[in-house]
$ cat my_file.cif   # mmCIF, C-alpha atoms and all ligand atoms
data_coords
loop_
_atom_site.label_atom_id
_atom_site.label_comp_id
_atom_site.auth_asym_id
_atom_site.auth_seq_id
_atom_site.Cartn_x
_atom_site.Cartn_y
_atom_site.Cartn_z
CA MET O 1305 81.10 57.26 100.63
CA PRO O 1306 83.44 58.39 97.84
CA ASP O 1307 86.73 59.94 98.94
CA THR O 1308 86.28 63.52 97.81
CA THR O 1309 89.21 65.12 99.61
CA MET O 1310 91.16 65.67 96.40
CA HIS O 1311 88.17 67.20 94.63
CA LYS O 1312 87.58 69.63 97.48
CA GLN O 1313 91.26 70.60 97.51
CA ARG O 1314 91.05 71.28 93.77
CA ARG O 1315 87.99 73.49 94.24
CA ASP O 1316 89.81 75.40 96.97
CA ARG O 1317 92.82 75.90 94.70
CA LEU O 1318 90.63 77.16 91.88
CA LEU O 1319 88.86 79.54 94.26
CA GLN O 1320 92.25 80.94 95.27
CA LYS O 1321 93.33 81.36 91.67
CA MET O 1322 90.09 83.17 90.79
CA GLN O 1323 90.65 85.59 93.71
CA ARG O 1324 87.20 87.11 93.23
CA GLY O 1325 84.08 86.51 91.19
CA ILE O 1326 81.86 83.57 90.36
CA ALA O 1327 82.58 80.45 88.32
CA ILE O 1328 79.87 78.43 86.58
CA ILE O 1329 80.99 75.00 85.40
CA PRO O 1330 78.33 72.69 83.93
CA THR O 1331 78.86 68.99 83.33
CA ALA O 1332 78.36 67.47 79.86
CA PRO O 1333 74.87 67.06 78.41
CA GLU O 1334 73.45 63.62 77.67
CA ALA O 1335 73.55 62.92 73.93
CA VAL O 1336 70.89 61.12 71.92
CA ARG O 1337 72.30 58.45 69.61
CA ASN O 1338 69.11 57.73 67.70
CA GLY O 1339 65.45 57.33 68.56
CA ASP O 1340 65.23 56.76 72.29
CA ALA O 1341 68.80 55.48 72.68
CA HIS O 1342 71.53 57.59 74.23
CA TYR O 1343 75.31 57.44 73.89
CA PRO O 1344 76.87 56.10 77.06
CA TYR O 1345 77.07 59.08 79.39
CA ARG O 1346 80.48 60.68 80.01
CA TYR O 1347 80.72 63.63 82.37
CA ASP O 1348 82.64 66.79 81.50
CA SER O 1349 86.29 66.39 82.49
CA HIS O 1350 86.65 69.80 84.17
CA PHE O 1351 83.45 69.31 86.15
CA TYR O 1352 84.42 65.81 87.29
CA TYR O 1353 87.96 66.94 88.17
CA LEU O 1354 86.45 69.43 90.62
CA THR O 1355 83.58 67.35 91.98
CA GLY O 1356 83.92 63.58 91.47
CA PHE O 1357 80.17 63.75 90.75
CA ASP O 1358 79.17 61.63 87.76
CA GLU O 1359 75.47 62.39 87.25
CA PRO O 1360 74.27 64.38 84.23
CA GLU O 1361 72.30 67.64 84.64
CA ALA O 1362 74.64 69.14 87.22
CA VAL O 1363 76.42 72.46 87.54
CA LEU O 1364 79.18 73.54 89.92
CA VAL O 1365 79.15 77.16 91.07
CA LEU O 1366 82.12 78.60 92.92
CA VAL O 1367 82.04 81.98 94.59
CA ALA O 1368 85.49 83.35 95.42
CA GLY O 1369 86.41 86.09 97.86
CA THR O 1370 86.49 86.45 101.61
CA LYS O 1371 83.75 83.81 102.10
CA PRO O 1372 84.44 81.25 99.39
CA GLN O 1373 81.56 78.92 98.57
CA SER O 1374 81.21 75.82 96.52
CA VAL O 1375 77.66 75.02 95.41
CA LEU O 1376 76.27 72.09 93.45
CA PHE O 1377 73.10 72.10 91.40
CA CYS O 1378 71.89 68.58 90.58
CA ARG O 1379 68.82 66.47 89.86
CA GLU O 1380 66.34 65.99 92.64
CA LYS O 1381 65.48 62.58 94.03
CA ASN O 1382 62.72 61.10 91.88
CA MET O 1383 61.47 57.62 92.72
CA GLU O 1384 59.75 57.15 89.37
CA ARG O 1385 62.89 58.07 87.38
CA GLU O 1386 65.13 56.12 89.74
CA ILE O 1387 63.07 52.97 89.08
CA TRP O 1388 63.81 53.37 85.37
CA ASP O 1389 67.29 54.93 85.27
CA GLY O 1390 68.92 54.27 88.62
CA HIS O 1391 70.08 56.12 91.68
CA ARG O 1392 70.19 59.90 91.97
CA HIS O 1393 71.90 61.49 94.95
CA GLY O 1394 69.63 64.50 95.15
CA PRO O 1395 70.99 67.79 96.54
CA ASP O 1396 71.00 66.91 100.26
CA ALA O 1397 72.91 63.65 99.96
CA ALA O 1398 75.24 65.11 97.31
CA LYS O 1399 76.15 68.04 99.57
CA GLU O 1400 77.15 65.64 102.35
CA ALA O 1401 78.84 63.00 100.24
CA PHE O 1402 80.86 65.39 98.06
CA GLY O 1403 81.61 68.11 100.58
CA PHE O 1404 79.84 71.10 99.02
CA ASP O 1405 78.88 74.13 101.08
CA ALA O 1406 75.38 74.00 99.61
CA ALA O 1407 73.42 72.04 97.00
CA PHE O 1408 70.15 72.85 95.23
CA PRO O 1409 67.85 71.25 92.66
CA ILE O 1410 68.99 71.95 89.10
CA ALA O 1411 65.54 73.45 88.37
CA GLN O 1412 66.45 76.37 90.67
CA LEU O 1413 69.67 77.14 88.83
CA ASP O 1414 68.64 80.29 86.98
CA ASP O 1415 66.95 81.96 89.96
CA LYS O 1416 69.70 81.12 92.41
CA LEU O 1417 72.42 82.07 89.94
CA ALA O 1418 70.88 85.45 89.27
CA GLY O 1419 71.18 86.04 93.03
CA LEU O 1420 74.71 84.64 93.36
CA MET O 1421 75.94 86.65 90.37
CA GLY O 1422 74.75 90.00 91.79
CA ASN O 1423 77.60 92.32 92.83
CA GLN O 1424 80.25 89.85 91.65
CA PRO O 1425 83.01 91.63 89.71
CA ALA O 1426 83.96 88.72 87.46
CA LEU O 1427 82.39 85.72 85.80
CA PHE O 1428 84.37 82.57 84.98
CA HIS O 1429 82.94 80.03 82.56
CA PRO O 1430 84.19 77.57 79.89
CA LEU O 1431 83.46 80.17 77.21
CA GLY O 1432 82.44 78.79 73.84
CA ALA O 1433 82.41 75.15 74.98
CA HIS O 1434 78.62 74.89 74.72
CA ALA O 1435 76.74 77.66 72.87
CA VAL O 1436 73.61 76.88 74.88
CA TRP O 1437 75.41 77.63 78.15
CA ASP O 1438 77.01 80.79 76.77
CA ASP O 1439 73.57 82.11 75.84
CA ARG O 1440 72.01 81.08 79.13
CA ILE O 1441 74.72 82.66 81.24
CA LEU O 1442 74.74 85.89 79.25
CA ALA O 1443 70.95 86.05 79.58
CA LEU O 1444 71.33 85.66 83.35
CA ARG O 1445 73.92 88.40 83.41
CA ALA O 1446 71.49 90.63 81.52
CA ARG O 1447 68.86 89.81 84.15
CA VAL O 1448 71.26 90.98 86.87
CA GLN O 1449 72.18 94.09 84.83
CA ALA O 1450 68.49 94.98 84.71
CA GLN O 1451 68.59 95.38 88.51
CA ALA O 1452 71.05 98.27 88.26
CA ARG O 1453 68.55 100.77 89.65
CA SER O 1454 68.30 98.67 92.82
CA GLY O 1455 72.05 99.10 93.23
CA ILE O 1456 72.94 95.57 92.12
CA THR O 1457 75.80 95.23 89.67
CA ALA O 1458 76.52 92.43 87.21
CA PRO O 1459 80.00 91.00 86.55
CA ASN O 1460 81.76 93.20 84.04
CA GLU O 1461 84.71 90.89 83.48
CA ILE O 1462 84.21 87.56 81.77
CA HIS O 1463 87.05 85.01 81.82
CA ASP O 1464 87.45 81.58 80.30
CA VAL O 1465 87.77 79.42 83.42
CA ARG O 1466 89.74 76.92 81.36
CA MET O 1467 92.71 79.30 81.46
CA LEU O 1468 92.99 78.34 85.13
CA LEU O 1469 91.69 74.77 85.04
CA ASP O 1470 93.78 73.58 82.10
CA GLU O 1471 96.95 74.57 83.91
CA MET O 1472 95.80 72.83 87.11
CA ARG O 1473 94.97 69.64 85.22
CA LEU O 1474 98.31 69.67 83.40
CA ILE O 1475 100.15 68.76 86.61
CA LYS O 1476 98.84 65.44 87.90
CA ASP O 1477 98.66 64.81 91.65
CA SER O 1478 99.50 61.46 93.25
CA GLU O 1479 95.90 60.27 93.06
CA GLU O 1480 95.65 61.06 89.37
CA LEU O 1481 98.96 59.33 88.69
CA SER O 1482 97.86 56.16 90.41
CA THR O 1483 94.62 56.15 88.39
CA MET O 1484 96.63 56.64 85.22
CA ARG O 1485 98.93 53.75 86.19
CA ARG O 1486 95.85 51.56 86.51
CA ALA O 1487 94.48 52.63 83.10
CA ALA O 1488 97.96 51.98 81.65
CA ALA O 1489 98.22 48.54 83.29
CA ILE O 1490 94.82 47.36 82.03
CA SER O 1491 95.58 48.66 78.54
CA THR O 1492 98.97 46.95 78.57
CA VAL O 1493 97.41 43.59 79.39
CA ALA O 1494 94.84 44.17 76.63
CA HIS O 1495 97.62 44.75 74.08
CA ILE O 1496 99.41 41.57 75.15
CA ARG O 1497 96.14 39.68 74.84
CA ALA O 1498 95.61 41.16 71.34
CA MET O 1499 99.07 40.00 70.26
CA ARG O 1500 98.33 36.52 71.53
CA ALA O 1501 95.02 36.39 69.71
CA THR O 1502 96.37 37.51 66.34
CA HIS O 1503 97.09 35.16 63.47
CA PRO O 1504 96.44 35.23 59.72
CA GLY O 1505 92.77 34.89 58.82
CA ARG O 1506 91.37 36.61 61.91
CA MET O 1507 89.35 39.78 61.46
CA GLU O 1508 90.41 43.17 62.79
CA TYR O 1509 87.16 43.33 64.79
CA GLU O 1510 87.91 40.03 66.49
CA ILE O 1511 91.10 41.57 67.84
CA GLU O 1512 89.20 44.73 68.80
CA ALA O 1513 86.78 42.50 70.76
CA GLU O 1514 89.71 41.01 72.71
CA LEU O 1515 90.82 44.52 73.69
CA LEU O 1516 87.35 45.62 74.73
CA HIS O 1517 86.75 42.46 76.72
CA GLU O 1518 89.99 42.95 78.61
CA PHE O 1519 89.07 46.58 79.38
CA ARG O 1520 85.62 45.71 80.68
CA ARG O 1521 86.59 42.60 82.63
CA ASN O 1522 88.98 44.82 84.59
CA GLY O 1523 86.30 47.37 85.35
CA ALA O 1524 87.23 50.05 82.84
CA PRO O 1525 83.90 51.49 81.70
CA ALA O 1526 84.98 52.26 78.15
CA PRO O 1527 87.88 52.76 75.80
CA ALA O 1528 89.32 56.25 76.13
CA TYR O 1529 88.86 56.69 72.34
CA THR O 1530 87.76 54.52 69.44
CA PRO O 1531 90.36 51.75 69.06
CA ILE O 1532 92.35 51.58 65.84
CA VAL O 1533 92.94 47.98 64.74
CA ALA O 1534 94.59 48.37 61.38
CA GLY O 1535 96.09 45.51 59.37
CA GLY O 1536 98.39 46.05 56.37
CA ALA O 1537 97.60 49.17 54.30
CA ASN O 1538 94.97 50.26 56.84
CA ALA O 1539 97.79 51.20 59.21
CA CYS O 1540 98.71 54.02 56.83
CA VAL O 1541 95.31 55.65 57.49
CA LEU O 1542 96.13 57.51 60.69
CA HIS O 1543 92.60 57.54 62.11
CA TYR O 1544 91.41 54.21 60.68
CA VAL O 1545 88.51 52.89 62.78
CA GLY O 1546 86.71 50.60 60.30
CA ASN O 1547 88.29 47.58 62.02
CA ASN O 1548 86.53 45.19 59.62
CA ALA O 1549 89.21 43.72 57.35
CA VAL O 1550 90.82 40.30 57.38
CA LEU O 1551 94.36 40.07 58.78
CA LYS O 1552 96.76 38.72 56.19
CA ASP O 1553 99.89 36.63 56.41
CA GLY O 1554 102.89 38.88 55.81
CA ASP O 1555 101.14 42.10 56.94
CA LEU O 1556 101.71 44.12 60.07
CA LEU O 1557 98.92 44.94 62.52
CA LEU O 1558 98.88 48.37 64.16
CA ILE O 1559 96.73 48.65 67.30
CA ASP O 1560 96.16 52.02 68.97
CA ALA O 1561 93.91 51.42 71.97
CA GLY O 1562 93.64 52.42 75.61
CA CYS O 1563 90.95 52.32 78.25
CA GLU O 1564 89.57 54.98 80.57
CA VAL O 1565 89.62 54.42 84.34
CA ASP O 1566 87.74 56.82 86.62
CA GLY O 1567 87.99 59.52 83.97
CA TYR O 1568 91.67 59.03 83.03
CA ALA O 1569 92.93 57.72 79.71
CA ALA O 1570 95.67 55.38 78.59
CA ASP O 1571 96.84 55.63 74.98
CA ILE O 1572 99.05 52.80 73.69
CA THR O 1573 100.09 51.80 70.18
CA ARG O 1574 101.86 48.60 69.30
CA THR O 1575 102.64 47.29 65.81
CA PHE O 1576 103.48 43.63 65.20
CA PRO O 1577 103.48 41.03 62.41
CA VAL O 1578 100.20 39.16 61.87
CA ASN O 1579 102.13 35.89 61.42
CA GLY O 1580 104.49 36.56 64.33
CA LYS O 1581 107.67 37.21 62.29
CA PHE O 1582 108.84 40.58 60.91
CA SER O 1583 109.99 40.58 57.26
CA ALA O 1584 113.40 42.18 56.64
CA ALA O 1585 111.84 45.42 55.36
CA GLN O 1586 109.29 45.55 58.19
CA LYS O 1587 112.06 44.99 60.71
CA ASP O 1588 114.21 47.78 59.23
CA VAL O 1589 111.40 50.31 59.49
CA TYR O 1590 110.34 49.02 62.91
CA GLU O 1591 113.84 49.33 64.37
CA MET O 1592 114.03 52.90 63.05
CA VAL O 1593 110.74 53.86 64.76
CA LEU O 1594 111.75 52.09 67.97
CA ALA O 1595 115.10 53.92 68.02
CA ALA O 1596 113.25 57.21 67.42
CA GLN O 1597 110.97 56.43 70.35
CA ALA O 1598 113.91 55.58 72.61
CA ALA O 1599 115.59 58.87 71.67
CA ALA O 1600 112.38 60.77 72.38
CA ILE O 1601 111.82 59.08 75.76
CA ALA O 1602 115.43 59.85 76.69
CA ALA O 1603 114.62 63.51 76.08
CA VAL O 1604 111.63 63.51 78.46
CA ARG O 1605 112.93 64.99 81.70
CA PRO O 1606 112.22 67.99 83.86
CA GLY O 1607 113.74 71.14 82.45
CA ALA O 1608 113.58 69.99 78.81
CA HIS O 1609 111.28 71.88 76.44
CA TRP O 1610 108.14 70.31 74.98
CA ASN O 1611 109.66 70.05 71.49
CA GLU O 1612 112.86 68.24 72.54
CA PRO O 1613 111.42 64.68 72.45
CA HIS O 1614 109.87 65.40 69.03
CA ASP O 1615 113.09 66.84 67.67
CA ALA O 1616 115.07 63.85 68.98
CA ALA O 1617 112.66 61.43 67.28
CA LEU O 1618 112.76 63.42 64.05
CA ARG O 1619 116.55 63.25 63.83
CA VAL O 1620 116.51 59.45 64.15
CA ILE O 1621 113.72 59.14 61.59
CA ALA O 1622 115.35 61.51 59.11
CA GLN O 1623 118.63 59.59 59.29
CA GLY O 1624 116.77 56.26 59.16
CA LEU O 1625 114.87 57.27 56.03
CA ILE O 1626 118.17 58.25 54.39
CA ASP O 1627 119.72 54.91 55.37
CA LEU O 1628 116.71 53.07 53.92
CA LYS O 1629 117.04 55.20 50.75
CA LEU O 1630 113.52 56.55 51.21
CA CYS O 1631 114.91 60.08 51.50
CA SER O 1632 118.07 61.51 49.98
CA GLY O 1633 120.52 64.20 51.03
CA SER O 1634 121.94 65.03 54.42
CA MET O 1635 120.00 64.69 57.69
CA ASP O 1636 119.94 68.47 58.02
CA ALA O 1637 118.57 68.82 54.48
CA VAL O 1638 115.84 66.24 55.15
CA LEU O 1639 114.91 68.02 58.38
CA GLU O 1640 115.05 71.46 56.80
CA GLY O 1641 113.12 70.51 53.64
CA GLU O 1642 110.70 68.34 55.68
CA GLY O 1643 111.29 65.42 53.28
CA TYR O 1644 110.42 63.09 56.19
CA LYS O 1645 106.84 64.43 56.31
CA ARG O 1646 105.73 62.16 53.50
CA PHE O 1647 106.39 59.22 55.86
CA TYR O 1648 106.05 60.82 59.29
CA MET O 1649 103.38 63.49 59.27
CA HIS O 1650 102.28 63.79 62.90
CA ARG O 1651 103.98 65.01 66.03
CA THR O 1652 105.59 62.74 68.59
CA GLY O 1653 103.06 63.16 71.39
CA HIS O 1654 100.48 65.12 73.32
CA TRP O 1655 99.48 65.70 76.92
CA LEU O 1656 97.55 62.78 78.37
CA GLY O 1657 95.11 62.82 81.27
CA MET O 1658 91.34 62.94 81.62
CA ASP O 1659 91.13 63.68 77.92
CA VAL O 1660 93.25 61.51 75.66
CA HIS O 1661 94.50 64.71 74.03
CA ASP O 1662 94.62 66.46 77.36
CA VAL O 1663 94.45 70.12 78.24
CA GLY O 1664 97.37 72.45 78.92
CA ALA O 1665 99.29 74.87 76.75
CA TYR O 1666 102.19 73.54 74.69
CA LYS O 1667 103.71 76.99 74.31
CA LEU O 1668 103.88 79.84 76.78
CA GLU O 1669 104.13 83.16 75.00
CA ASP O 1670 106.27 82.11 72.08
CA ASN O 1671 108.35 79.40 73.77
CA TRP O 1672 107.83 75.65 73.95
CA ARG O 1673 106.83 74.78 77.47
CA VAL O 1674 109.38 73.51 80.00
CA LEU O 1675 108.57 69.97 81.19
CA GLN O 1676 107.90 69.58 84.93
CA PRO O 1677 107.30 66.64 87.30
CA GLY O 1678 103.64 65.59 87.27
CA MET O 1679 103.09 66.27 83.58
CA THR O 1680 101.99 63.22 81.60
CA LEU O 1681 102.37 62.79 77.87
CA THR O 1682 102.55 60.23 75.09
CA VAL O 1683 105.64 59.45 73.04
CA GLU O 1684 104.49 58.07 69.70
CA PRO O 1685 106.69 58.32 66.64
CA GLY O 1686 105.63 56.44 63.52
CA CYS O 1687 106.33 55.79 59.86
CA TYR O 1688 103.69 55.24 57.19
CA ILE O 1689 104.78 54.20 53.69
CA ARG O 1690 102.19 54.31 50.93
CA PRO O 1691 102.81 52.60 47.57
CA ALA O 1692 104.69 54.90 45.17
CA GLU O 1693 106.91 54.44 42.14
CA ASP O 1694 109.97 55.80 43.89
CA VAL O 1695 109.56 53.50 46.91
CA PRO O 1696 110.83 49.87 46.80
CA GLN O 1697 107.87 47.51 46.85
CA ALA O 1698 109.07 45.71 49.98
CA PHE O 1699 108.17 48.86 51.97
CA TRP O 1700 104.70 49.39 50.52
CA ASN O 1701 101.87 49.60 53.04
CA ILE O 1702 104.12 49.38 56.06
CA GLY O 1703 102.52 51.52 58.77
CA ILE O 1704 104.19 51.53 62.17
CA ARG O 1705 103.61 53.53 65.33
CA ILE O 1706 104.95 52.80 68.80
CA GLU O 1707 103.24 54.76 71.56
CA ASP O 1708 103.85 54.82 75.29
CA ASP O 1709 102.49 56.91 78.17
CA VAL O 1710 105.08 58.74 80.19
CA ALA O 1711 104.95 60.68 83.47
CA ILE O 1712 107.66 63.21 84.21
CA THR O 1713 109.36 62.61 87.56
CA ALA O 1714 111.92 64.61 89.54
CA GLU O 1715 114.75 62.58 88.00
CA GLY O 1716 113.50 61.93 84.47
CA CYS O 1717 110.43 59.97 83.57
CA GLU O 1718 108.36 56.90 84.33
CA VAL O 1719 107.05 54.93 81.34
CA LEU O 1720 103.61 53.84 82.53
CA THR O 1721 103.14 51.35 79.69
CA GLU O 1722 106.58 49.79 79.48
CA ASP O 1723 105.29 46.26 80.07
CA ALA O 1724 103.65 46.14 76.65
CA PRO O 1725 106.27 44.27 74.56
CA LYS O 1726 107.89 46.39 71.87
CA THR O 1727 111.32 45.06 70.91
CA VAL O 1728 111.39 42.82 67.84
CA GLY O 1729 112.73 40.00 70.03
CA ALA O 1730 110.04 40.34 72.71
CA ILE O 1731 107.20 40.53 70.19
CA GLU O 1732 108.43 37.57 68.13
CA GLU O 1733 108.98 35.48 71.24
CA LEU O 1734 105.50 36.20 72.58
CA MET O 1735 103.82 35.58 69.26
CA ASP O 1736 105.86 32.47 68.50
CA GLN O 1737 104.06 30.60 71.26
CA PHE O 1738 100.61 31.80 70.35
CA VAL O 1739 100.57 31.92 66.55
CA ALA O 1740 102.03 28.40 66.48
CA ALA O 1741 99.36 27.24 68.93
CA ALA O 1742 96.61 28.82 66.83
CA TYR O 1743 97.84 27.05 63.68
CA SER O 1744 97.96 23.71 65.40
CA LYS O 1745 94.26 23.90 66.37
N1 LIG O 1801 94.93 57.56 70.08
C1 LIG O 1801 95.04 58.90 69.72
C2 LIG O 1801 96.44 59.32 69.66
O1 LIG O 1801 97.32 58.49 69.67
O2 LIG O 1801 96.74 60.47 69.67
MN MN O 1802 98.32 59.42 71.35
MN MN O 1803 97.13 56.53 70.40
#
$ encode --input "my_file.cif" --output "C-alpha cells" --more "lines below"
Ligand code: GLY
Ligand code: MN
Ligand code: MN
Amino acid sequence: MPDTTMHKQRRDRLLQKMQRGIAIIPTAPEAVRNGDAHYPYRYDSHFYYLTGFDEPEAVLVLVAGTKPQSVLFCREKNMEREIWDGHRHGPDAAKEAFGFDAAFPIAQLDDKLAGLMGNQPALFHPLGAHAVWDDRILALRARVQAQARSGITAPNEIHDVRMLLDEMRLIKDSEELSTMRRAAAISTVAHIRAMRATHPGRMEYEIEAELLHEFRRNGAPAPAYTPIVAGGANACVLHYVGNNAVLKDGDLLLIDAGCEVDGYAADITRTFPVNGKFSAAQKDVYEMVLAAQAAAIAAVRPGAHWNEPHDAALRVIAQGLIDLKLCSGSMDAVLEGEGYKRFYMHRTGHWLGMDVHDVGAYKLEDNWRVLQPGMTLTVEPGCYIRPAEDVPQAFWNIGIRIEDDVAITAEGCEVLTEDAPKTVGAIEELMDQFVAAAYSK
C-alpha cells in the first residue's frame, strides 16, 4: 500500500484554503507520439501532489465547506485492457489505497459533477491549462445553470486553483525534500560518471547515454528534462539538445542534466575540459563563473529577496568581464548599461520541485519574494562567449554554466548537489585518472 498520508494532508489543506466551493483537478492526458506509439506517460504535477495516483484518465474533485469531501474519478477495472497495458486500481481499490472519501468510474464524471456542482458558490480549476477541460467544465456549469427553475444554482465565481496550489507547492515538506535529495544524489553520481567517461573523440550522445544509464539503474524513471550535452561552441546554444557532435581536444563540455524521482526534479550543470585540463582562458572564465555562483549561494538565506542571489552573481560577473577585458568601464556602468548581457543573458535560477521550472510567484505585488525555509531553487550563473572581432580568440566558443540545487533552511541553505565536483582542482584531479586511463587503452 502506498503511504498516502502526505497527499491526504495536502488535500485537507487545499480544502481549508478554498473555504467553500468545488475544485476539479484533472491529471495529464496521454499523448500520442506517432502512429500507435505514445510518449511515456507523466501525470500532472498538481494532481499527483494531491493524490499520489499515477494512472492517466483520472480527475480529483474536492468539495469544501462544512462537510469536506475528496472524490476520485478513475478508470474502471478492465481485464482485457489490463492484459495489454497493465494494472488499473479501479475506483474501489483506489478509494481504499489512496484515502479518498469516494471514488467513481471516470465515465460517470460529467453526470456526477453536474450533481456535485449544484448549489456550490465557487468553482476552482486550473483555468486555461487545457482548453478541452475549460470547455467541458463550462458546459457542465451551463447544465447546472439550466436547472435554475428547480432552485439549483451554479457556481458564479470561478478561480484558478493554481493560485492556491502553486503557493502550497512552493514550500516543500520533509517528504518532498527527501525525494529531492534522492533525485539530486542520483544526478550527482551521473555527472561524476559522465566526467569519467569523457575524453577527446567520444560523441556527445555517448556521454548522454552514460547519464541516462545512471538515472535508470538507480530507478529514476526519466530525466527531468532533455539533457544538454554540449561540447565546444554548442555550449553557447543555451537550449542545445542535438547531443550528436564529436568531443574535441581543447574544448569544454557543458552538461545540464538531472533525473526525476517520484515526480521531483534535479537540475545540475557542470562544465569541464574534454581532455581533463583547463586552458588558461577557460580557467579564467570558469573561475569567474564559480566565484559568481559562490556569491549567489552565499546570498540564499531566509529573509533575503529572490533577486539577491542573482544580483550577487551579476556583480561578480560584471567585474570579471572587466578584468578579462571583455567589458569596459566601471562595474556600475556595466551593470547599468547591461554590457554583461552579451555574455550572460539568463537569470541565476528558478524554483525547483515537481516541475524543473517549478511553480510559485517570484514577485508578490511589486516586490521580489522573500526567501523562506522549505523553498528550493537552482543557482546557475554562466558565461557564453561567441566568436567576435572584439573578443580575443582564446575566449571564442567558451560556454560555461555551473548549476546547483539549493534548499533554504532555517539557518541558510543546503546545497543538495554539492558532491558533484566543481572546483578546477577537483575536476582536473578526477579527470586526470580517467582520461589518462582512456588514452592508455
Ligand atoms: N535545465 C533547465 C534549466 O537549467 O533551467
Ligand atoms: Mn535550471
Ligand atoms: Mn539546468
$ residues_near_ligand --input "my_file.cif" --ligand "ligand LIG 1801 (chain O)" --cutoff "12 Å" --atoms "all atoms listed in the file" --output "mmCIF file with C-alpha atoms, in the frame of the given file"
data_model
loop_
_atom_site.group_PDB
_atom_site.id
_atom_site.type_symbol
_atom_site.label_atom_id
_atom_site.label_comp_id
_atom_site.auth_asym_id
_atom_site.auth_seq_id
_atom_site.Cartn_x
_atom_site.Cartn_y
_atom_site.Cartn_z
ATOM 1 C CA PRO O 1527 87.880 52.760 75.800
ATOM 2 C CA ALA O 1528 89.320 56.250 76.130
ATOM 3 C CA TYR O 1529 88.860 56.690 72.340
ATOM 4 C CA THR O 1530 87.760 54.520 69.440
ATOM 5 C CA PRO O 1531 90.360 51.750 69.060
ATOM 6 C CA ILE O 1532 92.350 51.580 65.840
ATOM 7 C CA VAL O 1533 92.940 47.980 64.740
ATOM 8 C CA LEU O 1542 96.130 57.510 60.690
ATOM 9 C CA HIS O 1543 92.600 57.540 62.110
ATOM 10 C CA TYR O 1544 91.410 54.210 60.680
ATOM 11 C CA VAL O 1545 88.510 52.890 62.780
ATOM 12 C CA LEU O 1558 98.880 48.370 64.160
ATOM 13 C CA ILE O 1559 96.730 48.650 67.300
ATOM 14 C CA ASP O 1560 96.160 52.020 68.970
ATOM 15 C CA ALA O 1561 93.910 51.420 71.970
ATOM 16 C CA GLY O 1562 93.640 52.420 75.610
ATOM 17 C CA CYS O 1563 90.950 52.320 78.250
ATOM 18 C CA ALA O 1569 92.930 57.720 79.710
ATOM 19 C CA ALA O 1570 95.670 55.380 78.590
ATOM 20 C CA ASP O 1571 96.840 55.630 74.980
ATOM 21 C CA ILE O 1572 99.050 52.800 73.690
ATOM 22 C CA THR O 1573 100.090 51.800 70.180
ATOM 23 C CA ARG O 1574 101.860 48.600 69.300
ATOM 24 C CA HIS O 1650 102.280 63.790 62.900
ATOM 25 C CA ARG O 1651 103.980 65.010 66.030
ATOM 26 C CA THR O 1652 105.590 62.740 68.590
ATOM 27 C CA GLY O 1653 103.060 63.160 71.390
ATOM 28 C CA HIS O 1654 100.480 65.120 73.320
ATOM 29 C CA TRP O 1655 99.480 65.700 76.920
ATOM 30 C CA LEU O 1656 97.550 62.780 78.370
ATOM 31 C CA GLY O 1657 95.110 62.820 81.270
ATOM 32 C CA ASP O 1659 91.130 63.680 77.920
ATOM 33 C CA VAL O 1660 93.250 61.510 75.660
ATOM 34 C CA HIS O 1661 94.500 64.710 74.030
ATOM 35 C CA ASP O 1662 94.620 66.460 77.360
ATOM 36 C CA LEU O 1681 102.370 62.790 77.870
ATOM 37 C CA THR O 1682 102.550 60.230 75.090
ATOM 38 C CA VAL O 1683 105.640 59.450 73.040
ATOM 39 C CA GLU O 1684 104.490 58.070 69.700
ATOM 40 C CA PRO O 1685 106.690 58.320 66.640
ATOM 41 C CA GLY O 1686 105.630 56.440 63.520
ATOM 42 C CA ARG O 1705 103.610 53.530 65.330
ATOM 43 C CA ILE O 1706 104.950 52.800 68.800
ATOM 44 C CA GLU O 1707 103.240 54.760 71.560
ATOM 45 C CA ASP O 1708 103.850 54.820 75.290
ATOM 46 C CA ASP O 1709 102.490 56.910 78.170
#
$ residues_around --input "my_file.cif" --residues "Lys1399 (chain O)" --least-positions-apart "3" --cutoff "10 Å" --atoms "only C-alpha atoms" --output "ChimeraX atom specification"
/O:1374-1378,1393-1396,1402-1408
$ closest_residue --input "my_file.cif" --among "O:Ala1335, O:Met1472, O:Val1589, O:Met1467" --to "Arg1317 (chain O)" --atoms "all atoms listed in the file"
O:Met1472
$ atom_distance --input "my_file.cif" --atom1 "CA of Leu1319 (chain O)" --atom2 "CA of Val1663 (chain O)"
19.4 Å
$ residues_around --input "my_file.cif" --residues "Arg1506 (chain O)" --least-positions-apart "6" --cutoff "12 Å" --atoms "all atoms listed in the file" --output "PDB file with C-alpha atoms, in the frame of the given file"
ATOM      1  CA  ALA O1498      95.610  41.160  71.340  1.00  0.00           C
ATOM      2  CA  MET O1499      99.070  40.000  70.260  1.00  0.00           C
ATOM      3  CA  ARG O1500      98.330  36.520  71.530  1.00  0.00           C
ATOM      4  CA  GLU O1512      89.200  44.730  68.800  1.00  0.00           C
ATOM      5  CA  ALA O1513      86.780  42.500  70.760  1.00  0.00           C
ATOM      6  CA  GLU O1514      89.710  41.010  72.710  1.00  0.00           C
ATOM      7  CA  VAL O1533      92.940  47.980  64.740  1.00  0.00           C
ATOM      8  CA  GLY O1535      96.090  45.510  59.370  1.00  0.00           C
ATOM      9  CA  ASN O1547      88.290  47.580  62.020  1.00  0.00           C
ATOM     10  CA  ASN O1548      86.530  45.190  59.620  1.00  0.00           C
ATOM     11  CA  ALA O1549      89.210  43.720  57.350  1.00  0.00           C
ATOM     12  CA  VAL O1550      90.820  40.300  57.380  1.00  0.00           C
ATOM     13  CA  LEU O1551      94.360  40.070  58.780  1.00  0.00           C
ATOM     14  CA  LYS O1552      96.760  38.720  56.190  1.00  0.00           C
ATOM     15  CA  ASP O1553      99.890  36.630  56.410  1.00  0.00           C
ATOM     16  CA  LEU O1557      98.920  44.940  62.520  1.00  0.00           C
ATOM     17  CA  VAL O1578     100.200  39.160  61.870  1.00  0.00           C
ATOM     18  CA  ASN O1579     102.130  35.890  61.420  1.00  0.00           C
ATOM     19  CA  VAL O1739     100.570  31.920  66.550  1.00  0.00           C
ATOM     20  CA  ALA O1742      96.610  28.820  66.830  1.00  0.00           C
ATOM     21  CA  TYR O1743      97.840  27.050  63.680  1.00  0.00           C
TER      22      TYR O1743
END
$ closest_residue --input "my_file.cif" --among "O:Ala1524, O:Thr1680, O:Asp1414, O:Lys1726" --to "ligand MN 1802 (chain O)" --atoms "all atoms listed in the file"
O:Thr1680
